[in-house]
Structures are given as structure tokens and as C-alpha cells.
Amino acid sequence: EAGVTQFPSHSVIEKGQTVTLRCDPISGHDNLYWYRRVMGKEIKFLLHFVKESKQDESGMPNNRFLAERTGGTYSTLKVQPAELEDSGVYFCASSQFSGSPYNEQFFGPGTRLTVL
Amino acid sequence: KQEVTQIPAALSVPEGENLVLNCSFTDSAIYNLQWFRQDPGKGLTSLLLIQSSQREQTSGRLNASLDKSSGRSTLYIAASQPGDSATYLCAAPGYGGATNKLIFGTGTLLAVQP
């Protein structure tokens with residue numbers, strides 16, 4: 001069974017440009033999460049989709065970040081315009097069960113974003 | 001608000017030694033707790049998920065315990081090997097209904113010397 005995949009693995013852009021990250025969850029997982037780790041900090045939650053609906057977007061830093069999950073399959077995270085402080089590693093995770101003791105989240109390899 | 005702390009921040013041990021990594025959390029009303037491993041430049045690999053009704057969970061040389069009353073979890077690694085060298089992270093669900101988002105500790109960087 002394929003795991004969570006993310007594309008691209010690494011992106012280098014200039015301040016003010018737009019970048020779109022993609023995540024493909026494990027097949028059959030309704031729950032999809034975005035997290036990020038900025039330099040020297042712990043991994044922090046950004047948002048949670050249940051199918052195509054945003055269940056919790058309390059971690060989104062500002063309105064320069066837009067996440068979508070059309071059709072409840074893959075998800076995209078767009079940063080527009082990118083700022084220097086957006087640099088970090090963006091992780092995607094998926095899970096089968098939400099809000100239960102069985103909610104084990106499986107993570108992708110991450111996208112390393114560098115904003116110059 | 002859930003907060004997760006891991007100690008030590010870094011640990012270096014000789015090969016073959018048994019070791020314990022510690023994780024503490026502030027909100028004990030959790031469904032479960034998850035331990036991960038991260039290798040340099042890689043994603044997170046889920047090692048163990050302990051449900052709130054369990055006290056221990058084992059996978060090979062790894063054993064994780066959960067004590068909700070004291071807000072602590074430990075990851076025990078038996079007979080450590082150089083291949084165990086990585087960053088180990090624990091994560092607990094967030095507080096107050098937002099139980100699907102994980103709150104991470106800063107991790108323990110483990111180096112096993114051959």
C-alpha cells in the first residue's frame with residue numbers, strides 16, 4: 001500500500017512569488033492534515049480536512065495560505081505571496097479514523113520550502 | 001492548551017545499551033499518544049500509537065508506556081543499534097475538542113555509537 005506522498009520534495013522561490021504544494025493521502029483516508037516545521041521550532045499543526053471539508057484551520061498563519069481538497073482526494077497548499085518566514089518543511093499526514101483512540105496519523109516525506 | 005515536552009534534547013549512547021526517552025504532556029484528557037522517528041531529511045515514521053485505555057504498547061525492541069494521570073509517556077529502546085540513530089518525537093492530541101490535531105514535542109536526537 002502506498003504511503004502519503006508529497007510534491008515537490010524541495011522548492012526554492014523568491015519572496016513575493018507563489019508556490020503550490022501537493023499532498024496525496026493514503027487511499028481510503030478521509031482525514032488529511034497539514035503541518036509545518038520552521039527552523040529551530042517544533043512541528044506545528046496548520047489544518048485538518050475531513051473529505052473535502054475543512055474541519056479545523058486554527059493553525060493557518062494568515063490569509064496568504066490557502067488549502068484545498070477538491071473531491072476529497074489530494075490536497076494543495078498554496079502560499080501567495082511567499083515571505084521569508086514561510087521557509088520550512090511542510091508535512092502532510094492522513095488518517096482513517098478521526099477523534100478516536102484509533103486515530104493514527106501517517107506522515108509524508110515533507111516539502112522543504114526555501115524563500116529567498 | 002496542550003503542551004508537550006521531551007527530555008533529554010539529545011542523547012548519545014554506546015551500541016547495545018538500553019535507553020529511555022521521556023515525553024510529558026499537560027492535558028491528560030487524550031485519546032492516544034503517538035511516537036515517531038525522523039531521519040535527517042526524511043519524513044516522520046510512526047513507531048507506536050498508545051490508546052488512552054492502554055498502559056503499554058510494544059513493537060520489536062521498542063516499548064512505549066502511557067501514564068495519563070501523571071501526564072507522562074516513555075519510549076524504551078532495548079539493545080540499541082547504530083541504525084536507531086534518529087530524532088524521536090512524541091505527539092499528543094490538542095486540547096478542548098480539537099483532538100485531531102497533534103501537538104509535538106521538540107524531539108530527542110539519539111546517537112548510538114558503534
# chains A, B, ... in the order shown; residues from 1 in each chain; ligands from 1

$ interface_residues --of "chain A" --to "chain B" --cutoff "6 Å" --atoms "only C-alpha atoms" --output "list in words"
Glu42, Ile43, Gly99, Pro101, Phe107, Gly108, Pro109 and Gly110 of chain A

$ write_last_selection --atoms "C-alpha atoms" --output "mmCIF file, in the first residue's frame"
data_model
loop_
_atom_site.group_PDB
_atom_site.id
_atom_site.type_symbol
_atom_site.label_atom_id
_atom_site.label_comp_id
_atom_site.auth_asym_id
_atom_site.auth_seq_id
_atom_site.Cartn_x
_atom_site.Cartn_y
_atom_site.Cartn_z
ATOM 1 C CA GLU A 42 8.681 22.101 16.757
ATOM 2 C CA ILE A 43 6.271 20.729 14.169
ATOM 3 C CA GLY A 99 -11.468 11.844 17.065
ATOM 4 C CA PRO A 101 -8.208 6.312 20.110
ATOM 5 C CA PHE A 107 3.084 11.332 7.506
ATOM 6 C CA GLY A 108 4.553 12.058 4.119
ATOM 7 C CA PRO A 109 8.223 12.881 3.467
ATOM 8 C CA GLY A 110 7.581 16.613 3.529
#

$ select_by_dssp --residues "chain A" --states "strand (DSSP E or B)" --output "compact mmCIF listing (two decimals) with all heavy atoms, in the first residue's frame"
# COMPACT_ATOMS: atom_id res chain seq x y z
N THR A 5 2.17 10.72 -0.10
CA THR A 5 3.18 11.29 -0.98
C THR A 5 3.00 12.79 -1.07
O THR A 5 1.88 13.31 -0.98
CB THR A 5 3.12 10.66 -2.39
OG1 THR A 5 1.82 10.87 -2.94
CG2 THR A 5 3.40 9.17 -2.33
N GLN A 6 4.13 13.50 -1.26
CA GLN A 6 4.11 14.94 -1.36
C GLN A 6 4.98 15.39 -2.53
O GLN A 6 5.99 14.77 -2.83
CB GLN A 6 4.63 15.58 -0.06
CG GLN A 6 3.72 15.33 1.13
CD GLN A 6 4.19 16.10 2.35
OE1 GLN A 6 4.55 15.51 3.36
NE2 GLN A 6 4.15 17.43 2.27
N PHE A 7 4.55 16.47 -3.15
CA PHE A 7 5.29 17.00 -4.28
C PHE A 7 5.23 18.53 -4.25
O PHE A 7 4.18 19.10 -3.95
CB PHE A 7 4.67 16.50 -5.60
CG PHE A 7 5.41 16.97 -6.81
CD1 PHE A 7 6.55 16.30 -7.24
CD2 PHE A 7 4.99 18.11 -7.51
CE1 PHE A 7 7.25 16.74 -8.34
CE2 PHE A 7 5.69 18.55 -8.62
CZ PHE A 7 6.82 17.85 -9.03
N HIS A 10 11.32 19.55 -2.77
CA HIS A 10 12.04 20.76 -2.40
C HIS A 10 11.65 21.87 -3.38
O HIS A 10 11.55 21.63 -4.59
CB HIS A 10 13.55 20.51 -2.47
CG HIS A 10 14.37 21.57 -1.81
ND1 HIS A 10 15.75 21.50 -1.73
CD2 HIS A 10 14.04 22.73 -1.18
CE1 HIS A 10 16.22 22.57 -1.11
NE2 HIS A 10 15.20 23.33 -0.77
N SER A 11 11.41 23.06 -2.84
CA SER A 11 11.07 24.20 -3.68
C SER A 11 11.82 25.42 -3.19
O SER A 11 11.81 25.73 -1.99
CB SER A 11 9.57 24.46 -3.64
OG SER A 11 9.22 25.56 -4.45
N VAL A 12 12.48 26.09 -4.13
CA VAL A 12 13.19 27.34 -3.81
C VAL A 12 12.55 28.45 -4.63
O VAL A 12 12.51 28.38 -5.85
CB VAL A 12 14.69 27.23 -4.14
CG1 VAL A 12 15.40 28.54 -3.78
CG2 VAL A 12 15.33 26.07 -3.42
N ILE A 13 12.03 29.47 -3.95
CA ILE A 13 11.37 30.56 -4.65
C ILE A 13 11.83 31.89 -4.05
O ILE A 13 12.43 31.92 -2.96
CB ILE A 13 9.83 30.46 -4.55
CG1 ILE A 13 9.37 30.52 -3.08
CG2 ILE A 13 9.33 29.21 -5.23
CD1 ILE A 13 7.88 30.61 -2.93
N VAL A 19 3.79 29.61 -4.49
CA VAL A 19 4.18 28.21 -4.53
C VAL A 19 2.96 27.36 -4.14
O VAL A 19 2.16 27.77 -3.29
CB VAL A 19 5.36 27.91 -3.59
CG1 VAL A 19 5.01 28.17 -2.13
CG2 VAL A 19 5.88 26.49 -3.77
N THR A 20 2.82 26.23 -4.81
CA THR A 20 1.74 25.30 -4.51
C THR A 20 2.32 23.94 -4.17
O THR A 20 3.07 23.37 -4.96
CB THR A 20 0.76 25.17 -5.69
OG1 THR A 20 0.20 26.46 -5.98
CG2 THR A 20 -0.37 24.21 -5.34
N LEU A 21 1.98 23.46 -3.00
CA LEU A 21 2.43 22.15 -2.54
C LEU A 21 1.27 21.18 -2.69
O LEU A 21 0.11 21.54 -2.49
CB LEU A 21 2.86 22.22 -1.07
CG LEU A 21 3.76 23.39 -0.66
CD1 LEU A 21 4.10 23.30 0.82
CD2 LEU A 21 5.00 23.44 -1.52
N ARG A 22 1.63 19.92 -2.99
CA ARG A 22 0.58 18.93 -3.20
C ARG A 22 0.80 17.75 -2.26
O ARG A 22 1.93 17.35 -1.99
CB ARG A 22 0.57 18.44 -4.64
CG ARG A 22 -0.40 17.26 -4.86
CD ARG A 22 -0.59 16.90 -6.29
NE ARG A 22 -1.31 15.63 -6.42
CZ ARG A 22 -2.17 15.35 -7.37
NH1 ARG A 22 -2.44 16.26 -8.32
NH2 ARG A 22 -2.76 14.17 -7.43
N CYS A 23 -0.31 17.18 -1.81
CA CYS A 23 -0.27 16.00 -0.95
C CYS A 23 -1.29 14.99 -1.43
O CYS A 23 -2.47 15.32 -1.64
CB CYS A 23 -0.59 16.39 0.50
SG CYS A 23 -0.91 14.97 1.58
N ASP A 24 -0.84 13.74 -1.58
CA ASP A 24 -1.75 12.64 -1.87
C ASP A 24 -1.81 11.72 -0.65
O ASP A 24 -0.79 11.11 -0.30
CB ASP A 24 -1.27 11.86 -3.10
CG ASP A 24 -1.54 12.63 -4.38
OD1 ASP A 24 -0.75 13.54 -4.70
OD2 ASP A 24 -2.54 12.32 -5.05
N ASN A 31 -9.30 11.65 6.39
CA ASN A 31 -8.69 12.76 7.13
C ASN A 31 -7.33 13.11 6.56
O ASN A 31 -6.49 12.23 6.34
CB ASN A 31 -8.53 12.37 8.60
CG ASN A 31 -9.85 12.11 9.27
OD1 ASN A 31 -10.54 13.03 9.67
ND2 ASN A 31 -10.22 10.84 9.36
N LEU A 32 -7.15 14.38 6.31
CA LEU A 32 -5.88 14.87 5.77
C LEU A 32 -5.47 16.10 6.57
O LEU A 32 -6.29 16.97 6.87
CB LEU A 32 -6.03 15.21 4.29
CG LEU A 32 -4.77 15.60 3.52
CD1 LEU A 32 -4.88 15.18 2.05
CD2 LEU A 32 -4.46 17.07 3.62
N TYR A 33 -4.20 16.14 6.94
CA TYR A 33 -3.67 17.20 7.79
C TYR A 33 -2.45 17.84 7.14
O TYR A 33 -1.68 17.16 6.47
CB TYR A 33 -3.22 16.63 9.15
CG TYR A 33 -4.21 15.72 9.82
CD1 TYR A 33 -4.29 14.38 9.46
CD2 TYR A 33 -5.04 16.17 10.85
CE1 TYR A 33 -5.19 13.51 10.08
CE2 TYR A 33 -5.93 15.31 11.48
CZ TYR A 33 -6.00 13.99 11.08
OH TYR A 33 -6.89 13.14 11.70
N TRP A 34 -2.28 19.11 7.40
CA TRP A 34 -1.05 19.81 7.05
C TRP A 34 -0.38 20.30 8.32
O TRP A 34 -1.06 20.84 9.22
CB TRP A 34 -1.33 21.00 6.13
CG TRP A 34 -1.64 20.66 4.71
CD1 TRP A 34 -2.87 20.56 4.13
CD2 TRP A 34 -0.70 20.40 3.66
NE1 TRP A 34 -2.76 20.24 2.80
CE2 TRP A 34 -1.43 20.14 2.49
CE3 TRP A 34 0.70 20.37 3.60
CZ2 TRP A 34 -0.82 19.85 1.25
CZ3 TRP A 34 1.29 20.08 2.38
CH2 TRP A 34 0.55 19.83 1.22
N TYR A 35 0.93 20.11 8.39
CA TYR A 35 1.76 20.60 9.48
C TYR A 35 2.98 21.27 8.85
O TYR A 35 3.30 21.05 7.69
CB TYR A 35 2.27 19.43 10.35
CG TYR A 35 1.23 18.67 11.11
CD1 TYR A 35 0.49 17.65 10.51
CD2 TYR A 35 0.99 18.95 12.46
CE1 TYR A 35 -0.45 16.93 11.23
CE2 TYR A 35 0.04 18.23 13.18
CZ TYR A 35 -0.67 17.23 12.55
OH TYR A 35 -1.61 16.51 13.27
N ARG A 36 3.70 22.06 9.65
CA ARG A 36 4.96 22.58 9.18
C ARG A 36 5.93 22.74 10.34
O ARG A 36 5.54 22.90 11.49
CB ARG A 36 4.79 23.91 8.44
CG ARG A 36 4.57 25.11 9.33
CD ARG A 36 4.63 26.40 8.53
NE ARG A 36 4.38 27.55 9.38
CZ ARG A 36 4.42 28.80 8.95
NH1 ARG A 36 4.70 29.07 7.68
NH2 ARG A 36 4.19 29.80 9.78
N ARG A 37 7.20 22.68 9.96
CA ARG A 37 8.28 22.93 10.91
C ARG A 37 9.13 24.03 10.34
O ARG A 37 9.74 23.87 9.27
CB ARG A 37 9.12 21.69 11.14
CG ARG A 37 10.36 21.95 11.98
CD ARG A 37 11.18 20.70 12.17
NE ARG A 37 11.07 20.20 13.54
CZ ARG A 37 11.52 19.03 13.95
NH1 ARG A 37 12.09 18.22 13.11
NH2 ARG A 37 11.39 18.66 15.20
N LYS A 44 4.29 22.09 13.85
CA LYS A 44 3.02 22.70 14.26
C LYS A 44 1.91 22.42 13.25
O LYS A 44 2.14 22.43 12.04
CB LYS A 44 3.19 24.20 14.45
CG LYS A 44 4.00 24.54 15.69
CD LYS A 44 3.89 26.00 16.08
CE LYS A 44 4.58 26.25 17.40
NZ LYS A 44 4.53 27.67 17.79
N PHE A 45 0.75 22.21 13.77
CA PHE A 45 -0.46 21.93 13.00
C PHE A 45 -0.89 23.15 12.21
O PHE A 45 -0.83 24.28 12.72
CB PHE A 45 -1.56 21.52 13.98
CG PHE A 45 -2.94 21.45 13.40
CD1 PHE A 45 -3.38 20.33 12.73
CD2 PHE A 45 -3.81 22.53 13.55
CE1 PHE A 45 -4.66 20.26 12.22
CE2 PHE A 45 -5.09 22.47 13.04
CZ PHE A 45 -5.52 21.33 12.38
N LEU A 46 -1.32 22.93 10.97
CA LEU A 46 -1.89 24.00 10.16
C LEU A 46 -3.40 23.82 10.00
O LEU A 46 -4.17 24.70 10.38
CB LEU A 46 -1.23 24.05 8.78
CG LEU A 46 0.26 24.40 8.76
CD1 LEU A 46 0.79 24.36 7.34
CD2 LEU A 46 0.50 25.76 9.39
N LEU A 47 -3.81 22.69 9.40
CA LEU A 47 -5.25 22.47 9.26
C LEU A 47 -5.56 21.01 9.03
O LEU A 47 -4.69 20.20 8.77
CB LEU A 47 -5.86 23.34 8.14
CG LEU A 47 -5.87 22.80 6.71
CD1 LEU A 47 -6.88 23.55 5.90
CD2 LEU A 47 -4.51 22.89 6.09
N HIS A 48 -6.87 20.70 9.13
CA HIS A 48 -7.38 19.34 9.03
C HIS A 48 -8.59 19.32 8.12
O HIS A 48 -9.53 20.09 8.32
CB HIS A 48 -7.76 18.85 10.44
CG HIS A 48 -8.54 17.58 10.49
ND1 HIS A 48 -9.47 17.34 11.48
CD2 HIS A 48 -8.53 16.49 9.71
CE1 HIS A 48 -10.00 16.15 11.29
NE2 HIS A 48 -9.45 15.60 10.23
N PHE A 49 -8.56 18.44 7.12
CA PHE A 49 -9.70 18.19 6.24
C PHE A 49 -10.36 16.87 6.63
O PHE A 49 -9.67 15.89 6.92
CB PHE A 49 -9.25 18.04 4.78
CG PHE A 49 -8.92 19.31 4.07
CD1 PHE A 49 -7.60 19.70 3.91
CD2 PHE A 49 -9.92 20.11 3.52
CE1 PHE A 49 -7.28 20.86 3.22
CE2 PHE A 49 -9.60 21.26 2.84
CZ PHE A 49 -8.27 21.64 2.69
N VAL A 50 -11.67 16.85 6.59
CA VAL A 50 -12.40 15.60 6.56
C VAL A 50 -13.08 15.56 5.19
O VAL A 50 -13.94 16.38 4.89
CB VAL A 50 -13.46 15.50 7.67
CG1 VAL A 50 -14.24 14.19 7.53
CG2 VAL A 50 -12.83 15.60 9.05
N SER A 53 -14.03 18.89 3.32
CA SER A 53 -14.39 19.98 4.23
C SER A 53 -13.26 20.29 5.21
O SER A 53 -12.63 19.40 5.75
CB SER A 53 -15.64 19.60 5.03
OG SER A 53 -16.73 19.38 4.17
N LYS A 54 -13.07 21.59 5.46
CA LYS A 54 -12.09 22.00 6.46
C LYS A 54 -12.69 21.83 7.84
O LYS A 54 -13.65 22.52 8.20
CB LYS A 54 -11.69 23.46 6.22
CG LYS A 54 -10.91 23.66 4.94
CD LYS A 54 -10.61 25.13 4.69
CE LYS A 54 -9.93 25.30 3.34
NZ LYS A 54 -9.72 26.73 2.99
N GLN A 55 -12.13 20.92 8.62
CA GLN A 55 -12.63 20.64 9.95
C GLN A 55 -12.03 21.60 10.99
O GLN A 55 -12.69 22.00 11.94
CB GLN A 55 -12.28 19.20 10.33
CG GLN A 55 -12.81 18.71 11.65
CD GLN A 55 -14.29 18.39 11.59
OE1 GLN A 55 -14.87 18.34 10.51
NE2 GLN A 55 -14.91 18.18 12.72
N ASP A 56 -10.77 21.93 10.79
CA ASP A 56 -10.07 22.76 11.76
C ASP A 56 -8.95 23.46 11.00
O ASP A 56 -8.07 22.79 10.47
CB ASP A 56 -9.51 21.89 12.89
CG ASP A 56 -8.73 22.69 13.93
OD1 ASP A 56 -8.56 23.91 13.79
OD2 ASP A 56 -8.27 22.05 14.91
N PHE A 65 -2.03 31.88 3.03
CA PHE A 65 -2.06 30.43 2.91
C PHE A 65 -3.48 29.98 2.54
O PHE A 65 -4.44 30.35 3.21
CB PHE A 65 -1.64 29.76 4.21
CG PHE A 65 -0.19 29.92 4.53
CD1 PHE A 65 0.32 31.12 4.99
CD2 PHE A 65 0.68 28.84 4.37
CE1 PHE A 65 1.67 31.27 5.27
CE2 PHE A 65 2.02 28.97 4.67
CZ PHE A 65 2.53 30.19 5.11
N LEU A 66 -3.57 29.17 1.48
CA LEU A 66 -4.87 28.66 1.05
C LEU A 66 -4.76 27.17 0.81
O LEU A 66 -3.95 26.73 -0.02
CB LEU A 66 -5.33 29.36 -0.22
CG LEU A 66 -6.64 28.82 -0.83
CD1 LEU A 66 -7.81 29.02 0.12
CD2 LEU A 66 -6.92 29.49 -2.18
N ALA A 67 -5.56 26.39 1.52
CA ALA A 67 -5.56 24.95 1.34
C ALA A 67 -6.88 24.51 0.72
O ALA A 67 -7.94 25.03 1.05
CB ALA A 67 -5.36 24.25 2.68
N GLU A 68 -6.77 23.54 -0.18
CA GLU A 68 -7.95 23.00 -0.83
C GLU A 68 -7.85 21.49 -0.91
O GLU A 68 -6.75 20.93 -0.95
CB GLU A 68 -8.11 23.59 -2.24
CG GLU A 68 -8.39 25.08 -2.25
CD GLU A 68 -8.55 25.63 -3.65
OE1 GLU A 68 -7.85 25.17 -4.57
OE2 GLU A 68 -9.39 26.54 -3.83
N SER A 75 -4.75 17.05 -1.80
CA SER A 75 -4.88 18.41 -1.29
C SER A 75 -3.73 19.27 -1.81
O SER A 75 -2.64 18.77 -2.10
CB SER A 75 -4.85 18.40 0.23
OG SER A 75 -4.85 19.72 0.77
N THR A 76 -4.00 20.55 -1.93
CA THR A 76 -2.96 21.52 -2.27
C THR A 76 -2.90 22.59 -1.20
O THR A 76 -3.92 22.93 -0.58
CB THR A 76 -3.21 22.17 -3.64
OG1 THR A 76 -4.48 22.81 -3.63
CG2 THR A 76 -3.15 21.13 -4.76
N LEU A 77 -1.70 23.09 -0.98
CA LEU A 77 -1.48 24.21 -0.07
C LEU A 77 -0.72 25.28 -0.86
O LEU A 77 0.40 25.05 -1.29
CB LEU A 77 -0.67 23.76 1.14
CG LEU A 77 -0.35 24.83 2.18
CD1 LEU A 77 -1.62 25.35 2.85
CD2 LEU A 77 0.60 24.27 3.26
N LYS A 78 -1.39 26.40 -1.04
CA LYS A 78 -0.80 27.49 -1.83
C LYS A 78 -0.36 28.60 -0.89
O LYS A 78 -1.11 28.98 0.03
CB LYS A 78 -1.80 28.02 -2.84
CG LYS A 78 -1.26 29.17 -3.69
CD LYS A 78 -2.33 29.82 -4.53
CE LYS A 78 -2.81 28.96 -5.65
NZ LYS A 78 -3.74 29.69 -6.56
N VAL A 79 0.81 29.12 -1.15
CA VAL A 79 1.32 30.26 -0.40
C VAL A 79 1.51 31.41 -1.40
O VAL A 79 2.26 31.29 -2.35
CB VAL A 79 2.66 29.94 0.29
CG1 VAL A 79 3.10 31.12 1.16
CG2 VAL A 79 2.55 28.67 1.13
N GLY A 88 10.57 26.53 5.52
CA GLY A 88 10.47 25.43 6.47
C GLY A 88 10.11 24.15 5.74
O GLY A 88 10.15 24.08 4.51
N VAL A 89 9.76 23.15 6.51
CA VAL A 89 9.34 21.88 5.93
C VAL A 89 7.85 21.71 6.19
O VAL A 89 7.39 21.82 7.33
CB VAL A 89 10.11 20.68 6.54
CG1 VAL A 89 9.66 19.38 5.88
CG2 VAL A 89 11.61 20.87 6.36
N TYR A 90 7.12 21.44 5.12
CA TYR A 90 5.67 21.28 5.20
C TYR A 90 5.34 19.80 5.08
O TYR A 90 5.68 19.15 4.09
CB TYR A 90 4.99 22.09 4.09
CG TYR A 90 5.08 23.58 4.34
CD1 TYR A 90 6.27 24.27 4.10
CD2 TYR A 90 4.00 24.29 4.84
CE1 TYR A 90 6.37 25.63 4.36
CE2 TYR A 90 4.08 25.65 5.10
CZ TYR A 90 5.27 26.31 4.86
OH TYR A 90 5.37 27.66 5.13
N PHE A 91 4.70 19.30 6.10
CA PHE A 91 4.34 17.89 6.14
C PHE A 91 2.84 17.72 5.93
O PHE A 91 2.04 18.52 6.41
CB PHE A 91 4.70 17.26 7.49
CG PHE A 91 6.16 17.16 7.77
CD1 PHE A 91 6.79 18.06 8.63
CD2 PHE A 91 6.93 16.16 7.18
CE1 PHE A 91 8.14 17.96 8.90
CE2 PHE A 91 8.28 16.06 7.44
CZ PHE A 91 8.90 16.97 8.30
N CYS A 92 2.51 16.65 5.28
CA CYS A 92 1.12 16.25 5.13
C CYS A 92 0.95 14.90 5.83
O CYS A 92 1.89 14.08 5.85
CB CYS A 92 0.78 16.12 3.64
SG CYS A 92 -0.88 15.51 3.29
N ALA A 93 -0.20 14.69 6.41
CA ALA A 93 -0.49 13.41 7.07
C ALA A 93 -1.92 13.00 6.75
O ALA A 93 -2.75 13.85 6.40
CB ALA A 93 -0.31 13.53 8.58
N SER A 94 -2.19 11.72 6.88
CA SER A 94 -3.57 11.27 6.69
C SER A 94 -3.89 10.20 7.72
O SER A 94 -2.99 9.58 8.30
CB SER A 94 -3.80 10.74 5.27
OG SER A 94 -3.16 9.49 5.05
N SER A 95 -5.18 10.04 7.98
CA SER A 95 -5.61 9.01 8.92
C SER A 95 -6.99 8.51 8.53
O SER A 95 -7.74 9.18 7.83
CB SER A 95 -5.62 9.54 10.36
OG SER A 95 -6.67 10.47 10.54
N PHE A 106 -0.41 9.14 9.61
CA PHE A 106 0.74 8.70 8.81
C PHE A 106 1.22 9.89 8.00
O PHE A 106 0.44 10.53 7.29
CB PHE A 106 0.33 7.54 7.91
CG PHE A 106 -0.11 6.33 8.66
CD1 PHE A 106 -1.45 6.14 8.98
CD2 PHE A 106 0.82 5.40 9.10
CE1 PHE A 106 -1.85 5.03 9.70
CE2 PHE A 106 0.42 4.28 9.81
CZ PHE A 106 -0.91 4.10 10.12
N PHE A 107 2.51 10.13 8.09
CA PHE A 107 3.08 11.33 7.51
C PHE A 107 3.80 11.07 6.19
O PHE A 107 4.37 9.99 5.97
CB PHE A 107 4.07 11.97 8.48
CG PHE A 107 3.41 12.78 9.56
CD1 PHE A 107 2.65 12.17 10.54
CD2 PHE A 107 3.53 14.16 9.57
CE1 PHE A 107 2.02 12.92 11.53
CE2 PHE A 107 2.91 14.92 10.55
CZ PHE A 107 2.15 14.29 11.53
N THR A 111 7.74 18.61 2.20
CA THR A 111 8.26 19.50 1.16
C THR A 111 9.08 20.57 1.86
O THR A 111 8.57 21.28 2.73
CB THR A 111 7.12 20.17 0.36
OG1 THR A 111 6.42 19.19 -0.40
CG2 THR A 111 7.69 21.24 -0.57
N ARG A 112 10.34 20.65 1.46
CA ARG A 112 11.20 21.69 2.04
C ARG A 112 11.05 22.95 1.20
O ARG A 112 11.41 22.95 0.02
CB ARG A 112 12.65 21.23 2.08
CG ARG A 112 13.60 22.27 2.68
CD ARG A 112 15.01 21.70 2.84
NE ARG A 112 15.04 20.60 3.78
CZ ARG A 112 15.10 20.74 5.10
NH1 ARG A 112 15.14 21.95 5.64
NH2 ARG A 112 15.13 19.67 5.88
N LEU A 113 10.53 24.01 1.79
CA LEU A 113 10.32 25.28 1.10
C LEU A 113 11.37 26.28 1.56
O LEU A 113 11.53 26.50 2.77
CB LEU A 113 8.92 25.82 1.38
CG LEU A 113 8.61 27.21 0.82
CD1 LEU A 113 8.66 27.21 -0.69
CD2 LEU A 113 7.26 27.72 1.31
N THR A 114 12.06 26.84 0.60
CA THR A 114 13.04 27.88 0.88
C THR A 114 12.62 29.14 0.14
O THR A 114 12.48 29.12 -1.08
CB THR A 114 14.45 27.46 0.42
OG1 THR A 114 14.81 26.24 1.08
CG2 THR A 114 15.47 28.53 0.77
N VAL A 115 12.41 30.21 0.90
CA VAL A 115 12.04 31.50 0.31
C VAL A 115 13.23 32.44 0.46
O VAL A 115 13.71 32.69 1.58
CB VAL A 115 10.81 32.10 1.01
CG1 VAL A 115 10.40 33.41 0.33
CG2 VAL A 115 9.65 31.11 0.97

$ atom_distance --atom1 "CA of Ser58 (chain A)" --atom2 "CA of Tyr102 (chain A)"
22.7 Å

$ atom_distance --atom1 "CA of Cys23 (chain B)" --atom2 "CA of Ala92 (chain B)"
9.7 Å

$ closest_residue --among "B:Thr74, B:Pro114, B:Ser80, B:Glu56" --to "Val20 (chain B)" --atoms "only C-alpha atoms"
B:Thr74
